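Everything below belongs to coords-v4.pdb, which stores PDB, C-alpha atoms, pLDDT in the B column.
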```pdb
MODEL        1
ATOM      1  CA  MET A   1      -4.312  26.292  26.313  1.00 39.00           C
ATOM      2  CA  GLU A   2      -5.190  22.613  26.372  1.00 42.00           C
ATOM      3  CA  GLN A   3      -2.612  20.383  24.753  1.00 44.00           C
ATOM      4  CA  ALA A   4      -3.794  18.245  21.808  1.00 47.00           C
ATOM      5  CA  ARG A   5      -4.380  14.614  22.728  1.00 51.00           C
ATOM      6  CA  LYS A   6      -1.822  12.212  21.315  1.00 54.00           C
ATOM      7  CA  LYS A   7      -3.067   9.428  19.089  1.00 67.00           C
ATOM      8  CA  ASN A   8      -2.711   5.894  20.342  1.00 79.00           C
ATOM      9  CA  TRP A   9      -1.331   3.131  18.115  1.00 78.00           C
ATOM     10  CA  ARG A  10      -4.806   1.974  17.008  1.00 77.00           C
ATOM     11  CA  GLU A  11      -5.607   5.465  15.766  1.00 81.00           C
ATOM     12  CA  TYR A  12      -2.385   5.468  13.744  1.00 80.00           C
ATOM     13  CA  LEU A  13      -3.394   2.139  12.191  1.00 81.00           C
ATOM     14  CA  PHE A  14      -6.773   3.665  11.315  1.00 80.00           C
ATOM     15  CA  THR A  15      -5.278   6.846   9.835  1.00 81.00           C
ATOM     16  CA  TYR A  16      -2.649   5.086   7.712  1.00 78.00           C
ATOM     17  CA  ARG A  17      -4.578   1.890   6.869  1.00 82.00           C
ATOM     18  CA  SER A  18      -4.533   2.721   3.139  1.00 80.00           C
ATOM     19  CA  TYR A  19      -0.717   2.620   3.077  1.00 85.00           C
ATOM     20  CA  THR A  20      -0.011  -0.594   4.995  1.00 86.00           C
ATOM     21  CA  PRO A  21      -0.478  -2.853   1.919  1.00 87.00           C
ATOM     22  CA  ILE A  22       2.427  -1.138   0.110  1.00 88.00           C
ATOM     23  CA  PRO A  23       5.272  -3.260   1.608  1.00 89.00           C
ATOM     24  CA  PHE A  24       3.356  -6.427   0.739  1.00 88.00           C
ATOM     25  CA  LEU A  25       2.840  -5.219  -2.835  1.00 86.00           C
ATOM     26  CA  VAL A  26       6.559  -4.463  -3.217  1.00 89.00           C
ATOM     27  CA  VAL A  27       7.513  -7.957  -2.008  1.00 90.00           C
ATOM     28  CA  MET A  28       4.839  -9.461  -4.235  1.00 88.00           C
ATOM     29  CA  VAL A  29       6.201  -7.702  -7.326  1.00 85.00           C
ATOM     30  CA  ILE A  30       9.803  -8.711  -6.608  1.00 90.00           C
ATOM     31  CA  PHE A  31       9.008 -12.382  -6.025  1.00 94.00           C
ATOM     32  CA  SER A  32       5.967 -12.860  -8.285  1.00 94.00           C
ATOM     33  CA  ARG A  33       5.763 -16.203 -10.105  1.00 95.00           C
ATOM     34  CA  PRO A  34       2.162 -16.312 -11.368  1.00 96.00           C
ATOM     35  CA  THR A  35       0.691 -19.455 -12.878  1.00 96.00           C
ATOM     36  CA  ALA A  36      -2.606 -19.907 -14.698  1.00 97.00           C
ATOM     37  CA  ASP A  37      -4.121 -21.540 -11.621  1.00 97.00           C
ATOM     38  CA  SER A  38      -2.836 -18.895  -9.199  1.00 96.00           C
ATOM     39  CA  LEU A  39      -4.151 -16.102 -11.436  1.00 97.00           C
ATOM     40  CA  ILE A  40      -7.632 -17.621 -11.718  1.00 97.00           C
ATOM     41  CA  ILE A  41      -8.037 -18.599  -8.051  1.00 97.00           C
ATOM     42  CA  GLY A  42      -6.474 -15.432  -6.688  1.00 95.00           C
ATOM     43  CA  PHE A  43      -8.418 -13.127  -8.996  1.00 97.00           C
ATOM     44  CA  ALA A  44     -11.723 -14.795  -8.055  1.00 98.00           C
ATOM     45  CA  LEU A  45     -10.948 -14.220  -4.373  1.00 96.00           C
ATOM     46  CA  ALA A  46      -9.768 -10.632  -4.915  1.00 96.00           C
ATOM     47  CA  LEU A  47     -12.811  -9.843  -7.071  1.00 97.00           C
ATOM     48  CA  ALA A  48     -15.126 -11.232  -4.389  1.00 98.00           C
ATOM     49  CA  GLY A  49     -13.444  -8.933  -1.888  1.00 97.00           C
ATOM     50  CA  GLU A  50     -13.830  -5.905  -4.156  1.00 97.00           C
ATOM     51  CA  LEU A  51     -17.508  -6.682  -4.806  1.00 97.00           C
ATOM     52  CA  ILE A  52     -18.127  -6.885  -1.056  1.00 97.00           C
ATOM     53  CA  ARG A  53     -16.384  -3.517  -0.682  1.00 95.00           C
ATOM     54  CA  LEU A  54     -18.463  -1.977  -3.483  1.00 96.00           C
ATOM     55  CA  TRP A  55     -21.666  -3.302  -1.925  1.00 96.00           C
ATOM     56  CA  GLY A  56     -20.679  -1.872   1.452  1.00 94.00           C
ATOM     57  CA  VAL A  57     -19.613   1.547   0.161  1.00 93.00           C
ATOM     58  CA  SER A  58     -22.863   1.806  -1.822  1.00 94.00           C
ATOM     59  CA  TYR A  59     -24.704   1.683   1.521  1.00 92.00           C
ATOM     60  CA  ALA A  60     -22.289   3.460   3.880  1.00 88.00           C
ATOM     61  CA  GLY A  61     -21.203   6.285   1.571  1.00 79.00           C
ATOM     62  CA  SER A  62     -18.061   8.378   1.711  1.00 67.00           C
ATOM     63  CA  GLU A  63     -17.677   8.130   5.496  1.00 64.00           C
ATOM     64  CA  THR A  64     -15.833   4.869   4.902  1.00 63.00           C
ATOM     65  CA  ARG A  65     -12.998   6.841   3.258  1.00 58.00           C
ATOM     66  CA  THR A  66     -12.186   9.033   6.257  1.00 58.00           C
ATOM     67  CA  THR A  67      -8.620   8.948   7.557  1.00 52.00           C
ATOM     68  CA  GLY A  68      -8.930  11.449  10.386  1.00 52.00           C
ATOM     69  CA  THR A  69     -10.674  10.532  13.603  1.00 56.00           C
ATOM     70  CA  VAL A  70     -12.885   7.490  14.025  1.00 60.00           C
ATOM     71  CA  GLY A  71     -16.552   8.385  13.733  1.00 61.00           C
ATOM     72  CA  GLY A  72     -19.742   8.366  11.722  1.00 69.00           C
ATOM     73  CA  THR A  73     -23.038  10.211  11.529  1.00 75.00           C
ATOM     74  CA  HIS A  74     -25.259   7.104  11.540  1.00 82.00           C
ATOM     75  CA  LEU A  75     -25.169   3.382  12.232  1.00 89.00           C
ATOM     76  CA  VAL A  76     -25.460   1.503   8.940  1.00 90.00           C
ATOM     77  CA  THR A  77     -27.199  -1.865   9.302  1.00 92.00           C
ATOM     78  CA  GLY A  78     -28.465  -2.377   5.730  1.00 92.00           C
ATOM     79  CA  GLY A  79     -26.972  -4.173   2.735  1.00 93.00           C
ATOM     80  CA  PRO A  80     -23.887  -6.213   3.639  1.00 95.00           C
ATOM     81  CA  TYR A  81     -23.935  -4.677   7.122  1.00 94.00           C
ATOM     82  CA  ALA A  82     -27.070  -6.737   7.780  1.00 95.00           C
ATOM     83  CA  PHE A  83     -24.889  -9.859   7.499  1.00 97.00           C
ATOM     84  CA  VAL A  84     -21.494  -8.801   8.870  1.00 97.00           C
ATOM     85  CA  ARG A  85     -20.451  -5.711  10.845  1.00 95.00           C
ATOM     86  CA  ASN A  86     -17.264  -4.960   8.897  1.00 94.00           C
ATOM     87  CA  PRO A  87     -17.802  -5.879   5.240  1.00 95.00           C
ATOM     88  CA  LEU A  88     -15.174  -3.408   3.969  1.00 93.00           C
ATOM     89  CA  TYR A  89     -12.413  -4.870   6.116  1.00 91.00           C
ATOM     90  CA  LEU A  90     -13.521  -8.398   5.261  1.00 93.00           C
ATOM     91  CA  GLY A  91     -13.432  -7.397   1.595  1.00 94.00           C
ATOM     92  CA  ASN A  92      -9.936  -5.949   2.024  1.00 90.00           C
ATOM     93  CA  ILE A  93      -8.608  -9.145   3.585  1.00 88.00           C
ATOM     94  CA  LEU A  94     -10.048 -11.202   0.720  1.00 91.00           C
ATOM     95  CA  MET A  95      -8.533  -8.792  -1.812  1.00 91.00           C
ATOM     96  CA  TYR A  96      -5.067  -8.813  -0.277  1.00 87.00           C
ATOM     97  CA  VAL A  97      -4.933 -12.573   0.130  1.00 87.00           C
ATOM     98  CA  GLY A  98      -6.335 -13.004  -3.389  1.00 91.00           C
ATOM     99  CA  ILE A  99      -3.675 -10.731  -4.883  1.00 91.00           C
ATOM    100  CA  GLY A 100      -1.017 -12.653  -2.962  1.00 89.00           C
ATOM    101  CA  ILE A 101      -2.306 -15.915  -4.425  1.00 91.00           C
ATOM    102  CA  MET A 102      -2.397 -14.383  -7.919  1.00 94.00           C
ATOM    103  CA  SER A 103       1.255 -13.404  -7.666  1.00 94.00           C
ATOM    104  CA  ASN A 104       2.255 -16.842  -6.367  1.00 95.00           C
ATOM    105  CA  ALA A 105       5.068 -14.988  -4.563  1.00 94.00           C
ATOM    106  CA  LEU A 106       6.754 -16.810  -1.686  1.00 93.00           C
ATOM    107  CA  MET A 107       3.856 -19.253  -1.475  1.00 89.00           C
ATOM    108  CA  PRO A 108       2.314 -19.983   0.931  1.00 87.00           C
ATOM    109  CA  TYR A 109       4.186 -17.597   3.227  1.00 88.00           C
ATOM    110  CA  LEU A 110       3.307 -14.196   1.767  1.00 84.00           C
ATOM    111  CA  PRO A 111      -0.501 -14.760   1.734  1.00 79.00           C
ATOM    112  CA  LEU A 112      -0.335 -16.221   5.248  1.00 84.00           C
ATOM    113  CA  VAL A 113       1.723 -13.312   6.586  1.00 86.00           C
ATOM    114  CA  ALA A 114      -0.654 -10.876   4.856  1.00 81.00           C
ATOM    115  CA  LEU A 115      -3.670 -12.657   6.336  1.00 82.00           C
ATOM    116  CA  VAL A 116      -2.224 -12.558   9.867  1.00 87.00           C
ATOM    117  CA  TYR A 117      -1.069  -8.934   9.582  1.00 87.00           C
ATOM    118  CA  PHE A 118      -4.296  -7.555   8.142  1.00 86.00           C
ATOM    119  CA  ALA A 119      -6.423  -9.568  10.562  1.00 84.00           C
ATOM    120  CA  PHE A 120      -4.406  -7.990  13.405  1.00 89.00           C
ATOM    121  CA  GLN A 121      -4.694  -4.524  11.867  1.00 89.00           C
ATOM    122  CA  TYR A 122      -8.422  -4.726  11.275  1.00 88.00           C
ATOM    123  CA  PHE A 123      -9.251  -6.278  14.636  1.00 88.00           C
ATOM    124  CA  SER A 124      -7.313  -3.434  16.287  1.00 90.00           C
ATOM    125  CA  ILE A 125      -9.127  -0.780  14.243  1.00 89.00           C
ATOM    126  CA  VAL A 126     -12.508  -2.442  14.733  1.00 90.00           C
ATOM    127  CA  TYR A 127     -12.187  -2.428  18.525  1.00 88.00           C
ATOM    128  CA  LEU A 128     -11.374   1.287  18.335  1.00 88.00           C
ATOM    129  CA  GLU A 129     -14.370   1.963  16.088  1.00 88.00           C
ATOM    130  CA  GLU A 130     -16.653  -0.057  18.334  1.00 92.00           C
ATOM    131  CA  GLU A 131     -15.750   2.084  21.329  1.00 90.00           C
ATOM    132  CA  TYR A 132     -17.089   5.076  19.396  1.00 89.00           C
ATOM    133  CA  LEU A 133     -20.165   3.241  18.074  1.00 91.00           C
ATOM    134  CA  SER A 134     -21.205   1.859  21.466  1.00 91.00           C
ATOM    135  CA  ALA A 135     -20.922   5.322  23.040  1.00 91.00           C
ATOM    136  CA  THR A 136     -22.773   7.086  20.198  1.00 91.00           C
ATOM    137  CA  PHE A 137     -25.635   4.912  18.944  1.00 91.00           C
ATOM    138  CA  ASP A 138     -28.440   3.426  21.038  1.00 90.00           C
ATOM    139  CA  ASP A 139     -29.020   0.648  18.478  1.00 91.00           C
ATOM    140  CA  TRP A 140     -25.402  -0.543  18.652  1.00 94.00           C
ATOM    141  CA  LYS A 141     -25.845  -3.031  21.499  1.00 94.00           C
ATOM    142  CA  GLU A 142     -28.640  -4.956  19.759  1.00 94.00           C
ATOM    143  CA  TYR A 143     -26.839  -4.858  16.413  1.00 95.00           C
ATOM    144  CA  ALA A 144     -23.512  -6.044  17.869  1.00 96.00           C
ATOM    145  CA  ALA A 145     -25.245  -8.865  19.731  1.00 95.00           C
ATOM    146  CA  LYS A 146     -26.826 -10.227  16.551  1.00 96.00           C
ATOM    147  CA  VAL A 147     -24.249  -9.535  13.791  1.00 96.00           C
ATOM    148  CA  ASN A 148     -20.658 -10.840  13.865  1.00 96.00           C
ATOM    149  CA  ARG A 149     -17.573  -8.718  13.213  1.00 95.00           C
ATOM    150  CA  PHE A 150     -16.082 -10.768  10.380  1.00 92.00           C
ATOM    151  CA  VAL A 151     -18.039 -14.023   9.992  1.00 94.00           C
ATOM    152  CA  PRO A 152     -21.246 -13.318   8.029  1.00 95.00           C
ATOM    153  CA  ARG A 153     -24.539 -14.554   9.437  1.00 94.00           C
ATOM    154  CA  LEU A 154     -26.826 -16.536   7.148  1.00 94.00           C
ATOM    155  CA  SER A 155     -29.970 -14.494   7.720  1.00 95.00           C
ATOM    156  CA  ARG A 156     -30.407 -10.741   7.307  1.00 93.00           C
ATOM    157  CA  PHE A 157     -30.451  -8.527  10.390  1.00 94.00           C
ATOM    158  CA  ASN A 158     -33.497  -6.252  10.332  1.00 87.00           C
ATOM    159  CA  GLY A 159     -32.387  -2.907  11.708  1.00 77.00           C
ATOM    160  CA  ARG A 160     -34.605   0.047  12.475  1.00 72.00           C
ATOM    161  CA  GLY A 161     -33.256   2.393   9.822  1.00 69.00           C
ATOM    162  CA  LYS A 162     -34.116   2.389   6.137  1.00 73.00           C
ATOM    163  CA  PHE A 163     -31.012   2.098   3.995  1.00 81.00           C
ATOM    164  CA  LYS A 164     -30.871   2.355   0.226  1.00 87.00           C
ATOM    165  CA  PRO A 165     -27.803   1.656  -1.894  1.00 90.00           C
ATOM    166  CA  ASN A 166     -26.300   4.243  -4.215  1.00 91.00           C
ATOM    167  CA  LEU A 167     -24.284   2.226  -6.734  1.00 92.00           C
ATOM    168  CA  GLY A 168     -23.128   5.315  -8.623  1.00 92.00           C
ATOM    169  CA  HIS A 169     -21.679   6.795  -5.463  1.00 89.00           C
ATOM    170  CA  GLY A 170     -20.181   3.427  -4.566  1.00 91.00           C
ATOM    171  CA  LEU A 171     -18.439   3.163  -7.938  1.00 93.00           C
ATOM    172  CA  ARG A 172     -17.058   6.689  -7.631  1.00 92.00           C
ATOM    173  CA  SER A 173     -15.804   6.001  -4.129  1.00 89.00           C
ATOM    174  CA  GLU A 174     -14.257   2.689  -5.162  1.00 93.00           C
ATOM    175  CA  ARG A 175     -12.620   4.041  -8.322  1.00 93.00           C
ATOM    176  CA  SER A 176      -9.091   3.962  -6.879  1.00 91.00           C
ATOM    177  CA  SER A 177      -9.554   0.421  -5.534  1.00 92.00           C
ATOM    178  CA  LEU A 178     -10.966  -0.790  -8.851  1.00 95.00           C
ATOM    179  CA  ILE A 179      -8.095   0.819 -10.771  1.00 95.00           C
ATOM    180  CA  ALA A 180      -5.540  -0.688  -8.371  1.00 92.00           C
ATOM    181  CA  LEU A 181      -7.023  -4.189  -8.621  1.00 95.00           C
ATOM    182  CA  SER A 182      -7.238  -3.961 -12.423  1.00 96.00           C
ATOM    183  CA  SER A 183      -3.668  -2.645 -12.729  1.00 95.00           C
ATOM    184  CA  ILE A 184      -2.175  -5.285 -10.430  1.00 94.00           C
ATOM    185  CA  SER A 185      -4.096  -8.051 -12.201  1.00 96.00           C
ATOM    186  CA  LEU A 186      -2.951  -6.849 -15.627  1.00 96.00           C
ATOM    187  CA  PHE A 187       0.631  -6.561 -14.395  1.00 95.00           C
ATOM    188  CA  LEU A 188       0.616 -10.135 -13.076  1.00 96.00           C
ATOM    189  CA  ILE A 189      -0.957 -11.432 -16.290  1.00 96.00           C
ATOM    190  CA  LEU A 190       1.808  -9.731 -18.302  1.00 95.00           C
ATOM    191  CA  ILE A 191       4.451 -11.324 -16.054  1.00 94.00           C
ATOM    192  CA  PHE A 192       2.797 -14.705 -16.595  1.00 96.00           C
ATOM    193  CA  ILE A 193       2.775 -14.198 -20.388  1.00 95.00           C
ATOM    194  CA  TYR A 194       6.386 -13.005 -20.417  1.00 93.00           C
ATOM    195  CA  ARG A 195       7.626 -15.949 -18.360  1.00 90.00           C
ATOM    196  CA  ASN A 196       5.833 -18.438 -20.575  1.00 89.00           C
ATOM    197  CA  MET A 197       7.175 -16.860 -23.766  1.00 86.00           C
ATOM    198  CA  ALA A 198      10.777 -16.766 -22.534  1.00 66.00           C
TER     199      ALA A 198
ENDMDL
END
```

Translate the structure of the given file into structure tokens.
Amino acid sequence: MEQARKKNWREYLFTYRSYTPIPFLVVMVIFSRPTADSLIIGFALALAGELIRLWGVSYAGSETRTTGTVGGTHLVTGGPYAFVRNPLYLGNILMYVGIGIMSNALMPYLPLVALVYFAFQYFSIVYLEEEYLSATFDDWKEYAAKVNRFVPRLSRFNGRGKFKPNLGHGLRSERSSLIALSSISLFLILIFIYRNMA
């Protein structure tokens, strides 16, 4: 009987990517010192990240929520994917850094550490995903040559497939992220109010 293949470290990062923000959130809560400016600037950045995620999920569907093996049934090149190859990870980075700015915890160190860590995590996962994509889809080479991983292009890439967004599905898929962002924002606003009343 063939022995099951062991996961490499990039596959572990992919599988548990939803849990890696937890240590940062704990530190943020302990050391949070929100100000009016940090709340406004950070929330704008975090909201931009969430909107990018929502846009991406509305095109890519529920496959973006998988935590098992890396894979996908089709190459999505519409919507935000026509401008940047990894809009969900870009959105995540903006969200995490934005939340860090909102909290004003250990500034500027916590947002910088979060930025470096999540950039490392997502680059590692993206290289793993790209190994699968390049081996699976004939259109991948052209798409990868014309669309950047994380820096959006200014003009839309015109892929061969026809992609239509499903906002209802996107909202359902993003429900936990929207609840988390709303809850964290409300929590930080309450801390700000409490500190200014004391």

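Take atom CA of A:Glu174 and atom CA of A:Pro80: the distance between them is 15.8 Å.
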
note - atom CA of A:Ala114 and atom CA of A:Asn86 are separated by 18.1 Å

Given the file shown, enumerate the residues that the PyMOL selection byres ((chain A and resi 96) around 8) captures and present them as a list in words. Pro21, Ala46, Asn92, Ile93, Leu94, Met95, Val97, Gly98, Ile99, Gly100, Pro111, Ala114 and Leu115 of chain A

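Between A:Ile101 and the residues A:Met197, A:Val26, A:Ala36, A:Ala180, the shortest atom-to-atom distance, using all atoms listed in the file, involves A:Ala36.
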
Produce a table with one row for each residue of stretch 44-105 of chain A that has an atom at most 7 Å from any atom of stretch 143-152 of chain A, each row naming the nearest atom pair and its distance in Å at one decimal; use only C-alpha atoms; arrange rows by chain and rising residue number; format as a Markdown table.
```
| residue | atom | partner | partner_atom | distance |
| --- | --- | --- | --- | --- |
| A:Phe83 | CA | A:Pro152 | CA | 5.1 |
| A:Val84 | CA | A:Pro152 | CA | 4.6 |
| A:Arg85 | CA | A:Arg149 | CA | 4.8 |
| A:Asn86 | CA | A:Arg149 | CA | 5.7 |
| A:Leu90 | CA | A:Phe150 | CA | 6.2 |
```

Take the residues just selected and output them with C-alpha atoms as a PDB file, in the coordinates of the input.
```
ATOM      1  CA  PHE A  83     -24.889  -9.859   7.499  1.00 97.00           C
ATOM      2  CA  VAL A  84     -21.494  -8.801   8.870  1.00 97.00           C
ATOM      3  CA  ARG A  85     -20.451  -5.711  10.845  1.00 95.00           C
ATOM      4  CA  ASN A  86     -17.264  -4.960   8.897  1.00 94.00           C
ATOM      5  CA  LEU A  90     -13.521  -8.398   5.261  1.00 93.00           C
TER       6      LEU A  90
END
```

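Residue nearest A:Leu39, chosen from A:Val27, A:Leu54, A:Met102, A:Met107 and counting only C-alpha atoms: A:Met102.
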
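Restricting the calculation to only C-alpha atoms, the smallest distance between A:Phe187 and any of A:Thr136, A:Val29, A:Pro23, A:Tyr12 is found for A:Val29.
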
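You can rank A:Arg195, A:His74, A:Arg175, A:Lys141 by their closest distance to A:Lys162 using all atoms listed in the file, and at the top of that list sits A:His74.
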
Which residue out of A:Gly61, A:Pro108, A:Gly91, A:Gly79 has the minimum interatomic distance to A:Met28 when only C-alpha atoms are used?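 Of the candidates, the smallest distance to A:Met28 is held by A:Pro108.
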
Compare A:Arg33, A:Ile22, A:Leu171, A:Ile41 by their minimum atom-to-atom distance to A:Tyr194, counting only C-alpha atoms, and give me the closest one.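 Answer, going by the shortest atom-to-atom distance: A:Arg33.
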
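From atom CA of A:Phe163 back to atom CA of A:Ala44, the distance works out to 28.3 Å.
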
Result set of the PyMOL selection byres ((chain A and resi 123-134) around 12) on the coordinates above, as an NGL selection string: :A and (7-17 or 64 or 67 or 69-76 or 85-90 or 93 or 115-122 or 135-145 or 148-150)
